[in-house]
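**Q** This is upload-v9.pdb, which holds PDB, C-alpha atoms:
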ATOM      1  CA  GLY A   1       0.000   0.000   0.000
ATOM      2  CA  LEU A   2       0.905   3.676   0.100
ATOM      3  CA  PRO A   3       1.804   4.990   3.577
ATOM      4  CA  SER A   4       0.757   8.642   3.852
ATOM      5  CA  LYS A   5       2.707   9.824   6.916
ATOM      6  CA  LYS A   6       6.434  10.335   6.701
ATOM      7  CA  GLY A   7       6.899   8.768  10.158
ATOM      8  CA  ALA A   8       5.076   5.627   9.032
ATOM      9  CA  ILE A   9       7.218   5.427   5.898
ATOM     10  CA  GLU A  10      10.430   5.807   7.890
ATOM     11  CA  SER A  11       9.298   3.128  10.367
ATOM     12  CA  GLN A  12       8.506   0.754   7.512
ATOM     13  CA  LEU A  13      11.820   1.580   5.871
ATOM     14  CA  LYS A  14      13.644   0.766   9.094
ATOM     15  CA  PHE A  15      11.785  -2.539   9.379
ATOM     16  CA  ILE A  16      12.545  -3.520   5.767
ATOM     17  CA  LYS A  17      16.222  -2.623   6.223
ATOM     18  CA  GLY A  18      16.208  -4.936   9.257
ATOM     19  CA  LEU A  19      14.775  -7.741   7.129
ATOM     20  CA  LYS A  20      17.433  -7.146   4.509
ATOM     21  CA  GLN A  21      20.136  -7.372   7.139
ATOM     22  CA  GLU A  22      18.673 -10.637   8.442
ATOM     23  CA  ILE A  23      18.682 -12.078   4.921
ATOM     24  CA  GLN A  24      22.291 -11.028   4.479
ATOM     25  CA  ASP A  25      23.225 -12.498   7.878
ATOM     26  CA  LYS A  26      21.561 -15.826   6.978
ATOM     27  CA  GLN A  27      23.052 -15.961   3.486
ATOM     28  CA  SER A  28      26.075 -18.000   4.610
ATOM     29  CA  GLU A  29      23.753 -20.569   6.248
ATOM     30  CA  MET A  30      21.757 -20.796   3.045
ATOM     31  CA  ASP A  31      24.911 -21.321   1.010
ATOM     32  CA  THR A  32      26.116 -24.033   3.429
ATOM     33  CA  LEU A  33      22.770 -25.834   3.221
ATOM     34  CA  LYS A  34      22.861 -25.822  -0.574
ATOM     35  CA  SER A  35      26.431 -27.106  -0.575
ATOM     36  CA  ASN A  36      25.752 -29.885   1.950
ATOM     37  CA  VAL A  37      22.677 -31.132   0.098
ATOM     38  CA  SER A  38      24.546 -31.059  -3.194
ATOM     39  CA  ASN A  39      27.466 -33.028  -1.739
ATOM     40  CA  LEU A  40      25.149 -35.543  -0.121
ATOM     41  CA  VAL A  41      23.216 -36.175  -3.290
ATOM     42  CA  THR A  42      26.429 -36.404  -5.314
ATOM     43  CA  ARG A  43      28.058 -38.951  -2.965
ATOM     44  CA  LYS A  44      24.940 -41.057  -2.581
ATOM     45  CA  LYS A  45      23.458 -40.888  -6.037
ATOM     46  CA  ILE A  46      20.783 -43.410  -5.241
ATOM     47  CA  PHE A  47      19.090 -43.046  -1.891
ATOM     48  CA  LYS A  48      15.487 -42.725  -0.889
ATOM     49  CA  GLY A  49      14.297 -39.085  -0.753
ATOM     50  CA  GLY A  50      17.324 -37.571  -2.495
ATOM     51  CA  THR A  51      15.363 -36.067  -5.372
ATOM     52  CA  GLU A  52      12.699 -34.673  -3.061
ATOM     53  CA  LEU A  53      15.400 -33.104  -0.879
ATOM     54  CA  GLU A  54      16.991 -31.395  -3.897
ATOM     55  CA  GLU A  55      13.605 -30.037  -4.992
ATOM     56  CA  GLU A  56      12.908 -28.708  -1.496
ATOM     57  CA  VAL A  57      16.269 -26.904  -1.477
ATOM     58  CA  LEU A  58      15.596 -25.468  -4.944
ATOM     59  CA  THR A  59      12.172 -24.275  -3.793
ATOM     60  CA  LEU A  60      13.740 -22.748  -0.695
ATOM     61  CA  GLU A  61      16.351 -21.013  -2.851
ATOM     62  CA  ARG A  62      13.694 -19.617  -5.204
ATOM     63  CA  ASN A  63      11.701 -18.308  -2.242
ATOM     64  CA  TRP A  64      14.892 -16.891  -0.747
ATOM     65  CA  LEU A  65      15.768 -15.008  -3.951
ATOM     66  CA  SER A  66      12.160 -13.856  -4.383
ATOM     67  CA  LEU A  67      12.106 -12.518  -0.825
ATOM     68  CA  SER A  68      15.439 -10.729  -1.333
ATOM     69  CA  LYS A  69      14.180  -9.197  -4.598
ATOM     70  CA  ASN A  70      10.897  -8.046  -3.024
ATOM     71  CA  ILE A  71      12.792  -6.518  -0.095
ATOM     72  CA  GLU A  72      15.009  -4.576  -2.542
ATOM     73  CA  LYS A  73      11.962  -3.394  -4.489
ATOM     74  CA  ARG A  74      10.206  -2.297  -1.303
ATOM     75  CA  LEU A  75      13.312  -0.463  -0.075
ATOM     76  CA  PHE A  76      13.644   1.343  -3.420
ATOM     77  CA  PHE A  77       9.932   2.195  -3.346
ATOM     78  CA  LEU A  78      10.039   3.586   0.207
ATOM     79  CA  GLN A  79      13.182   5.636  -0.460
ATOM     80  CA  ASN A  80      11.571   7.080  -3.598
ATOM     81  CA  LEU A  81       8.365   7.720  -1.686
ATOM     82  CA  ILE A  82      10.175   9.765   0.982
ATOM     83  CA  GLU A  83      11.964  11.810  -1.692
ATOM     84  CA  TYR A  84       8.692  12.198  -3.620
ATOM     85  CA  GLN A  85       6.735  13.479  -0.611
ATOM     86  CA  ASP A  86       9.510  15.885   0.463
ATOM     87  CA  SER A  87       9.829  17.188  -3.099
ATOM     88  CA  LEU A  88       6.053  17.402  -3.529
ATOM     89  CA  LEU A  89       5.685  19.523  -0.386
ATOM     90  CA  SER A  90       8.569  21.786  -1.390
ATOM     91  CA  ILE A  91       7.207  22.347  -4.918
ATOM     92  CA  GLN A  92       3.658  22.911  -3.626
ATOM     93  CA  ASN A  93       4.931  25.636  -1.264
ATOM     94  CA  TRP A  94       7.022  27.174  -4.050
ATOM     95  CA  LEU A  95       4.066  27.227  -6.468
ATOM     96  CA  ASN A  96       1.823  28.787  -3.797
ATOM     97  CA  GLN A  97       4.369  31.578  -3.306
ATOM     98  CA  LYS A  98       4.658  32.212  -7.048
ATOM     99  CA  GLU A  99       0.873  32.228  -7.414
ATOM    100  CA  LYS A 100       0.658  34.988  -4.788
ATOM    101  CA  MET A 101       3.410  36.936  -6.555
ATOM    102  CA  LEU A 102       1.563  36.660  -9.873
ATOM    103  CA  GLN A 103      -1.589  37.994  -8.230
ATOM    104  CA  VAL A 104       0.167  41.137  -6.941
ATOM    105  CA  LEU A 105       1.996  41.977 -10.178
ATOM    106  CA  GLY A 106      -0.835  44.359 -11.007
ATOM    107  CA  PRO A 107      -2.064  45.576 -14.386
ATOM    108  CA  ILE A 108       0.308  46.529 -17.197
ATOM    109  CA  ALA A 109       1.545  50.101 -16.772
ATOM    110  CA  SER A 110       1.435  52.721 -19.526
ATOM    111  CA  GLU A 111       4.585  54.682 -18.693
ATOM    112  CA  PRO A 112       7.760  53.241 -20.337
ATOM    113  CA  ARG A 113       9.912  53.178 -17.186
ATOM    114  CA  MET A 114       7.203  51.322 -15.265
ATOM    115  CA  VAL A 115       6.746  48.872 -18.149
ATOM    116  CA  THR A 116      10.522  48.238 -18.162
ATOM    117  CA  SER A 117      10.366  47.464 -14.448
ATOM    118  CA  GLN A 118       7.463  45.070 -15.009
ATOM    119  CA  VAL A 119       9.348  43.330 -17.843
ATOM    120  CA  GLN A 120      12.308  42.791 -15.507
ATOM    121  CA  GLN A 121       9.980  41.331 -12.843
ATOM    122  CA  VAL A 122       8.554  38.827 -15.335
ATOM    123  CA  GLN A 123      12.009  37.897 -16.647
ATOM    124  CA  VAL A 124      13.206  37.127 -13.108
ATOM    125  CA  MET A 125      10.123  34.992 -12.452
ATOM    126  CA  ARG A 126      10.513  33.138 -15.746
ATOM    127  CA  GLU A 127      14.130  32.346 -14.852
ATOM    128  CA  GLU A 128      12.913  30.968 -11.515
ATOM    129  CA  PHE A 129      10.372  28.765 -13.294
ATOM    130  CA  THR A 130      13.057  27.521 -15.695
ATOM    131  CA  SER A 131      15.369  26.667 -12.784
ATOM    132  CA  GLN A 132      12.516  24.749 -11.118
ATOM    133  CA  GLU A 133      11.941  22.610 -14.214
ATOM    134  CA  ALA A 134      14.520  20.000 -13.156
ATOM    135  CA  SER A 135      12.716  19.518  -9.815
ATOM    136  CA  ILE A 136       9.373  19.120 -11.593
ATOM    137  CA  ASN A 137      10.869  16.527 -13.942
ATOM    138  CA  ARG A 138      12.436  14.649 -11.027
ATOM    139  CA  LEU A 139       9.086  14.621  -9.235
ATOM    140  CA  LYS A 140       7.454  13.242 -12.392
ATOM    141  CA  THR A 141      10.088  10.491 -12.620
ATOM    142  CA  LEU A 142       9.563   9.558  -8.967
ATOM    143  CA  SER A 143       5.790   9.460  -9.444
ATOM    144  CA  ILE A 144       6.137   7.091 -12.415
ATOM    145  CA  THR A 145       8.385   4.756 -10.393
ATOM    146  CA  ILE A 146       5.973   4.808  -7.432
ATOM    147  CA  ILE A 147       2.914   4.234  -9.643
ATOM    148  CA  GLU A 148       4.613   1.303 -11.395
ATOM    149  CA  TYR A 149       5.446  -0.326  -8.047
ATOM    150  CA  LEU A 150       1.927   0.181  -6.675
ATOM    151  CA  GLN A 151       0.444  -1.298  -9.853
ATOM    152  CA  SER A 152       2.762  -4.314  -9.523
ATOM    153  CA  ILE A 153       1.346  -5.095  -6.059
ATOM    154  CA  GLY A 154      -2.245  -4.243  -7.013
ATOM    155  CA  SER A 155      -2.499  -1.026  -4.962
ATOM    156  CA  ASN A 156      -4.438   2.134  -5.847
ATOM    157  CA  THR A 157      -2.419   4.791  -7.720
ATOM    158  CA  GLU A 158      -5.097   7.503  -7.937
ATOM    159  CA  LYS A 159      -3.677   9.723  -5.176
ATOM    160  CA  VAL A 160      -0.190   9.951  -6.725
ATOM    161  CA  GLU A 161      -1.629  10.490 -10.212
ATOM    162  CA  GLU A 162      -3.834  13.342  -8.969
ATOM    163  CA  GLU A 163      -0.942  14.970  -7.093
ATOM    164  CA  ILE A 164       1.498  14.956 -10.015
ATOM    165  CA  ASN A 165      -1.185  16.060 -12.495
ATOM    166  CA  LEU A 166      -2.114  18.998 -10.262
ATOM    167  CA  ILE A 167       1.528  20.065  -9.866
ATOM    168  CA  GLN A 168       2.174  19.884 -13.609
ATOM    169  CA  SER A 169      -1.070  21.731 -14.361
ATOM    170  CA  LEU A 170      -0.283  24.567 -11.925
ATOM    171  CA  TYR A 171       3.291  24.839 -13.179
ATOM    172  CA  CYS A 172       2.238  24.953 -16.844
ATOM    173  CA  ASP A 173      -0.600  27.425 -16.206
ATOM    174  CA  MET A 174       1.644  29.845 -14.325
ATOM    175  CA  SER A 175       4.446  29.476 -16.885
ATOM    176  CA  ASN A 176       1.996  30.214 -19.709
ATOM    177  CA  ASN A 177       0.597  33.212 -17.803
ATOM    178  CA  LEU A 178       4.118  34.615 -17.467
ATOM    179  CA  ILE A 179       4.813  34.069 -21.175
ATOM    180  CA  GLU A 180       1.526  35.792 -22.075
ATOM    181  CA  ARG A 181       2.262  38.698 -19.719
ATOM    182  CA  GLU A 182       5.737  39.100 -21.207
ATOM    183  CA  LYS A 183       4.239  39.239 -24.721
ATOM    184  CA  ASN A 184       1.733  41.891 -23.614
ATOM    185  CA  LEU A 185       4.475  43.869 -21.873
ATOM    186  CA  ASP A 186       6.656  43.743 -24.993
ATOM    187  CA  ALA A 187       3.731  45.031 -27.048
ATOM    188  CA  ALA A 188       3.004  47.745 -24.470
ATOM    189  CA  MET A 189       6.677  48.710 -24.340
ATOM    190  CA  GLY A 190       6.881  49.328 -28.085
ATOM    191  CA  VAL A 191       3.659  51.339 -28.281
ATOM    192  CA  SER A 192       4.302  53.162 -24.999
ATOM    193  CA  LYS A 193       7.778  54.329 -26.005
ATOM    194  CA  GLY A 194       6.509  55.613 -29.350
ATOM    195  CA  PHE A 195       3.492  57.306 -27.755
ATOM    196  CA  TYR A 196       5.378  59.108 -24.993
ATOM    197  CA  LYS A 197       8.223  60.148 -27.325
ATOM    198  CA  ASN A 198       5.733  61.581 -29.806
ATOM    199  CA  LEU A 199       3.752  63.169 -26.975
ATOM    200  CA  ALA A 200       6.803  64.936 -25.508
ATOM    201  CA  GLU A 201       7.943  66.213 -28.919
ATOM    202  CA  LEU A 202       4.474  67.535 -29.769
ATOM    203  CA  GLN A 203       4.049  69.211 -26.379
ATOM    204  CA  SER A 204       7.416  70.928 -26.816
ATOM    205  CA  LYS A 205       6.713  72.073 -30.404
ATOM    206  CA  LEU A 206       3.198  73.288 -29.576
ATOM    207  CA  GLN A 207       4.589  75.269 -26.653
ATOM    208  CA  GLN A 208       7.192  76.807 -28.960
ATOM    209  CA  LEU A 209       4.507  77.790 -31.466
ATOM    210  CA  SER A 210       2.371  79.240 -28.685
ATOM    211  CA  ASP A 211       5.330  81.262 -27.398
ATOM    212  CA  LYS A 212       6.052  82.525 -30.925
ATOM    213  CA  PHE A 213       2.460  83.618 -31.346
ATOM    214  CA  GLU A 214       2.510  85.536 -28.056
ATOM    215  CA  LYS A 215       5.803  87.177 -29.024
ATOM    216  CA  PHE A 216       4.373  88.306 -32.370
ATOM    217  CA  GLU A 217       1.582  90.000 -30.459
ATOM    218  CA  GLU A 218       4.123  91.953 -28.438
ATOM    219  CA  GLU A 219       6.211  93.076 -31.437
ATOM    220  CA  ASN A 220       5.316  96.235 -33.325
ATOM    221  CA  TYR A 221       4.949  94.620 -36.753
ATOM    222  CA  SER A 222       2.948  96.129 -39.568
ATOM    223  CA  SER A 223      -0.218  94.234 -40.446
ATOM    224  CA  ASP A 224       1.161  92.755 -43.688
ATOM    225  CA  VAL A 225       4.410  91.583 -42.029
ATOM    226  CA  LEU A 226       2.522  90.158 -39.079
ATOM    227  CA  LEU A 227       0.135  88.328 -41.432
ATOM    228  CA  LYS A 228       3.081  86.774 -43.215
ATOM    229  CA  LYS A 229       4.587  85.576 -39.938
ATOM    230  CA  ILE A 230       1.235  84.262 -38.701
ATOM    231  CA  THR A 231       0.788  82.370 -41.993
ATOM    232  CA  GLU A 232       4.247  80.831 -41.592
ATOM    233  CA  LEU A 233       3.261  79.839 -38.052
ATOM    234  CA  GLU A 234       0.099  78.252 -39.432
ATOM    235  CA  ASP A 235       2.200  76.212 -41.876
ATOM    236  CA  GLU A 236       4.428  75.011 -39.024
ATOM    237  CA  LEU A 237       1.349  73.962 -37.060
ATOM    238  CA  GLU A 238      -0.078  72.099 -40.046
ATOM    239  CA  LYS A 239       3.158  70.118 -40.376
ATOM    240  CA  LEU A 240       2.532  68.771 -36.863
ATOM    241  CA  ARG A 241      -0.856  67.309 -37.819
ATOM    242  CA  PRO A 242       0.513  63.891 -38.996
ATOM    243  CA  SER A 243       2.395  63.529 -35.692
ATOM    244  CA  LEU A 244      -0.772  64.386 -33.797
ATOM    245  CA  THR A 245      -2.672  61.755 -35.791
ATOM    246  CA  ASP A 246       0.048  59.203 -34.998
ATOM    247  CA  ALA A 247      -0.118  60.078 -31.285
ATOM    248  CA  SER A 248      -3.896  59.685 -31.313
ATOM    249  CA  SER A 249      -3.607  56.314 -33.083
ATOM    250  CA  SER A 250      -0.922  55.155 -30.612
ATOM    251  CA  SER A 251      -3.122  56.142 -27.682
ATOM    252  CA  VAL A 252      -5.946  53.949 -29.003
ATOM    253  CA  GLN A 253      -3.534  51.051 -29.561
ATOM    254  CA  LEU A 254      -2.070  51.467 -26.073
ATOM    255  CA  CYS A 255      -5.521  51.514 -24.485
ATOM    256  CA  GLU A 256      -6.337  48.234 -26.240
ATOM    257  CA  ILE A 257      -3.285  46.612 -24.613
ATOM    258  CA  LEU A 258      -3.901  48.075 -21.145
ATOM    259  CA  SER A 259      -6.412  46.368 -18.861
ATOM    260  CA  ASP A 260      -6.450  48.928 -16.052
ATOM    261  CA  SER A 261      -9.153  51.614 -16.477
ATOM    262  CA  SER A 262      -7.158  54.282 -14.602
ATOM    263  CA  SER A 263      -4.172  53.798 -16.964
ATOM    264  CA  LYS A 264      -6.505  53.996 -19.971
ATOM    265  CA  ASN A 265      -8.084  57.182 -18.635
ATOM    266  CA  GLU A 266      -4.644  58.688 -18.079
ATOM    267  CA  ILE A 267      -3.670  58.052 -21.708
ATOM    268  CA  LYS A 268      -6.980  59.454 -22.962
ATOM    269  CA  TYR A 269      -6.514  62.553 -20.789
ATOM    270  CA  LYS A 270      -2.999  63.173 -22.138
ATOM    271  CA  ILE A 271      -4.068  62.908 -25.778
ATOM    272  CA  ASN A 272      -7.134  65.103 -25.124
ATOM    273  CA  VAL A 273      -4.948  67.817 -23.572
ATOM    274  CA  LEU A 274      -2.602  67.644 -26.574
ATOM    275  CA  GLU A 275      -5.450  67.863 -29.095
ATOM    276  CA  LYS A 276      -6.952  70.816 -27.206
ATOM    277  CA  SER A 277      -3.581  72.607 -27.209
ATOM    278  CA  TYR A 278      -3.340  72.104 -30.963
ATOM    279  CA  ALA A 279      -6.913  73.279 -31.489
ATOM    280  CA  ASN A 280      -6.409  76.362 -29.271
ATOM    281  CA  ILE A 281      -3.296  77.500 -31.173
ATOM    282  CA  GLN A 282      -5.049  76.816 -34.476
ATOM    283  CA  LYS A 283      -8.034  78.907 -33.383
ATOM    284  CA  LYS A 284      -5.822  81.808 -32.232
ATOM    285  CA  ILE A 285      -4.010  81.769 -35.563
ATOM    286  CA  GLU A 286      -7.249  81.662 -37.561
ATOM    287  CA  LEU A 287      -8.766  84.544 -35.595
ATOM    288  CA  LYS A 288      -5.597  86.623 -35.904
ATOM    289  CA  LYS A 289      -5.358  85.928 -39.629
ATOM    290  CA  ALA A 290      -8.992  86.939 -40.138
ATOM    291  CA  GLU A 291      -8.414  90.121 -38.117
ATOM    292  CA  LEU A 292      -5.275  91.056 -40.081
ATOM    293  CA  GLU A 293      -6.858  90.240 -43.447
ATOM    294  CA  SER A 294      -9.838  92.417 -42.509
ATOM    295  CA  ILE A 295      -7.515  95.303 -41.545
ATOM    296  CA  LEU A 296      -5.541  94.977 -44.775
ATOM    297  CA  ASN A 297      -8.755  94.837 -46.849
ATOM    298  CA  GLU A 298     -10.027  97.969 -45.119
ATOM    299  CA  ASP A 299      -6.711  99.675 -45.801
ATOM    300  CA  LYS A 300      -6.883  98.718 -49.486
ATOM    301  CA  LEU A 301     -10.452  99.987 -49.696
ATOM    302  CA  PHE A 302      -9.470 103.225 -47.968
ATOM    303  CA  TYR A 303      -6.545 103.818 -50.374
ATOM    304  CA  LYS A 304      -8.821 103.080 -53.344
ATOM    305  CA  VAL A 305     -11.450 105.557 -52.159
ATOM    306  CA  CYS A 306      -8.758 108.170 -51.613
ATOM    307  CA  LYS A 307      -7.358 107.537 -55.077
ATOM    308  CA  ASP A 308     -10.811 107.825 -56.651
ATOM    309  CA  ILE A 309     -11.439 111.143 -54.897
ATOM    310  CA  GLN A 310      -8.179 112.500 -56.252
TER     311      GLN A 310
END
Is it possible to give me this structure as structure tokens?

**A**
Amino acid sequence: GLPSKKGAIESQLKFIKGLKQEIQDKQSEMDTLKSNVSNLVTRKKIFKGGTELEEEVLTLERNWLSLSKNIEKRLFFLQNLIEYQDSLLSIQNWLNQKEKMLQVLGPIASEPRMVTSQVQQVQVMREEFTSQEASINRLKTLSITIIEYLQSIGSNTEKVEEEINLIQSLYCDMSNNLIEREKNLDAAMGVSKGFYKNLAELQSKLQQLSDKFEKFEEENYSSDVLLKKITELEDELEKLRPSLTDASSSSVQLCEILSDSSSKNEIKYKINVLEKSYANIQKKIELKKAELESILNEDKLFYKVCKDIQ
């Protein structure tokens, strides 16, 4: 059968080792008996009961060898069983710890530095799972040996089969979860880097354009010169439109990767602020252009009226 308590296994192991020692201690007596019977039968080839005596010794020898073999098998089984149960407990505790760690990893971040940190966390955990693979394989080997022995003596193997299947299932599930998380992090990293780089460049350029516009307002330019500069500013702003479109597209892509609503809202907020900044500068430019064009048209009309009067 399958002893469940380690103390019971160790007691049985001690008992079986004692039996083995007894067999070894009696081996010389067994050899002497075989030799004496053989000599007797050889010297007295024809005597009543000689054949029966030889058969009895042969039967005894077969039983002796069978007992020795069964003792060795039982010893091997019990030693494997102790190693199996110790290893099983150790791996179960390890998997429980890793399961808790996986649960507290949190959602995928949106900011590149945070994503980098999360990638490093996953890489460390994956290395730990890889290093544990040898222990899992050893446990599997032990379980096969134990199951084969139990089957040979007609004992139930269901408990061991359930234990090893559960361990392998948990290990594979967690390993696959880590692989999936690493893939998602890699995807987030690429999109996040592009998004934040584009975002920073656009914020800087829009601020520069805004500062230029304010400076134009302060300078004492004539209307036609100011209109020219405002038009040039408008062209610069228009050149930023493809980058703004890319940033908007990246934000949507990033939100699809992210699972955390707060991170999604943060990305949406950043792109909304950027789009509003663009729209505000565009509106200021359009209003200023309309104002300057109106002034210049009035001036042209005034000069024409004056010329007609002359």

**Q** Find, counting all atoms listed in the file, the residue in A:Asn80, A:Asn93, A:Ser117, A:Ser11 that gets nearest to Asp186 (chain A).

**A**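 Smallest distance to Asp186 (chain A) is found for A:Ser117.
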
**Q** If you count only C-alpha atoms, which residues fall within 10 Å of Met189 (chain A), apart from same-chain ones fewer than 6 positions away, as a list of chain:residue names?

**A**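 Here the answer would be A:Ile108, A:Ala109, A:Ser110, A:Glu111, A:Pro112, A:Arg113, A:Met114, A:Val115, A:Thr116, A:Val119, A:Lys183, A:Phe195, A:Leu254.
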
**Q** Could you jot down the CA of Val273 (chain A) to CA of Glu218 (chain A) separation for me, Å, one decimal place?

**A**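 CA of Glu218 (chain A) lies 26.2 Å from CA of Val273 (chain A).
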
**Q** Leaving out Ser135 (chain A) and any residue of its chain fewer than 2 positions from it, which residues lie within 12 Å of it when counting only C-alpha atoms, given as a ChimeraX atom specification?

**A** /A:83-84,86-92,94,128-133,137-142,167-168,171

**Q** Check the smallest atom-to-atom distance from each of A:Leu244, A:Asn265, A:Leu40, A:Val252 to Ser277 (chain A) using only C-alpha atoms, then report the winner.

**A**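 The shortest atom-to-atom distance to Ser277 (chain A) comes from A:Leu244.
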
**Q** Apply the PyMOL selection byres ((chain A and resi 197-202) around 9) to the structure shown and report the selected residues as a list of chain:residue names.

**A** A:Ser192, A:Lys193, A:Gly194, A:Phe195, A:Tyr196, A:Gln203, A:Ser204, A:Lys205, A:Leu206, A:Gln207, A:Leu240, A:Ser243, A:Leu244, A:Asp246, A:Ala247, A:Lys270, A:Ile271, A:Leu274

**Q** Hey, which of A:Cys255, A:Ala134, A:Ile281, A:Leu102 ends up closest to Asn177 (chain A)? Count all atoms listed in the file.

**A**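 Using all atoms listed in the file, Asn177 (chain A) sits closest to A:Leu102.
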
**Q** Given the file shown, enumerate the residues that the PyMOL selection byres ((chain A and resi 236) around 12) captures and present them as a PDB file with C-alpha atoms, in the frame of the given file.

**A**
ATOM      1  CA  LEU A 202       4.474  67.535 -29.769  1.00  0.00           C
ATOM      2  CA  LYS A 205       6.713  72.073 -30.404  1.00  0.00           C
ATOM      3  CA  LEU A 206       3.198  73.288 -29.576  1.00  0.00           C
ATOM      4  CA  GLN A 208       7.192  76.807 -28.960  1.00  0.00           C
ATOM      5  CA  LEU A 209       4.507  77.790 -31.466  1.00  0.00           C
ATOM      6  CA  SER A 210       2.371  79.240 -28.685  1.00  0.00           C
ATOM      7  CA  LYS A 212       6.052  82.525 -30.925  1.00  0.00           C
ATOM      8  CA  PHE A 213       2.460  83.618 -31.346  1.00  0.00           C
ATOM      9  CA  LYS A 229       4.587  85.576 -39.938  1.00  0.00           C
ATOM     10  CA  ILE A 230       1.235  84.262 -38.701  1.00  0.00           C
ATOM     11  CA  THR A 231       0.788  82.370 -41.993  1.00  0.00           C
ATOM     12  CA  GLU A 232       4.247  80.831 -41.592  1.00  0.00           C
ATOM     13  CA  LEU A 233       3.261  79.839 -38.052  1.00  0.00           C
ATOM     14  CA  GLU A 234       0.099  78.252 -39.432  1.00  0.00           C
ATOM     15  CA  ASP A 235       2.200  76.212 -41.876  1.00  0.00           C
ATOM     16  CA  LEU A 237       1.349  73.962 -37.060  1.00  0.00           C
ATOM     17  CA  GLU A 238      -0.078  72.099 -40.046  1.00  0.00           C
ATOM     18  CA  LYS A 239       3.158  70.118 -40.376  1.00  0.00           C
ATOM     19  CA  LEU A 240       2.532  68.771 -36.863  1.00  0.00           C
ATOM     20  CA  ARG A 241      -0.856  67.309 -37.819  1.00  0.00           C
ATOM     21  CA  PRO A 242       0.513  63.891 -38.996  1.00  0.00           C
ATOM     22  CA  TYR A 278      -3.340  72.104 -30.963  1.00  0.00           C
ATOM     23  CA  ILE A 281      -3.296  77.500 -31.173  1.00  0.00           C
ATOM     24  CA  GLN A 282      -5.049  76.816 -34.476  1.00  0.00           C
ATOM     25  CA  ILE A 285      -4.010  81.769 -35.563  1.00  0.00           C
TER      26      ILE A 285
END
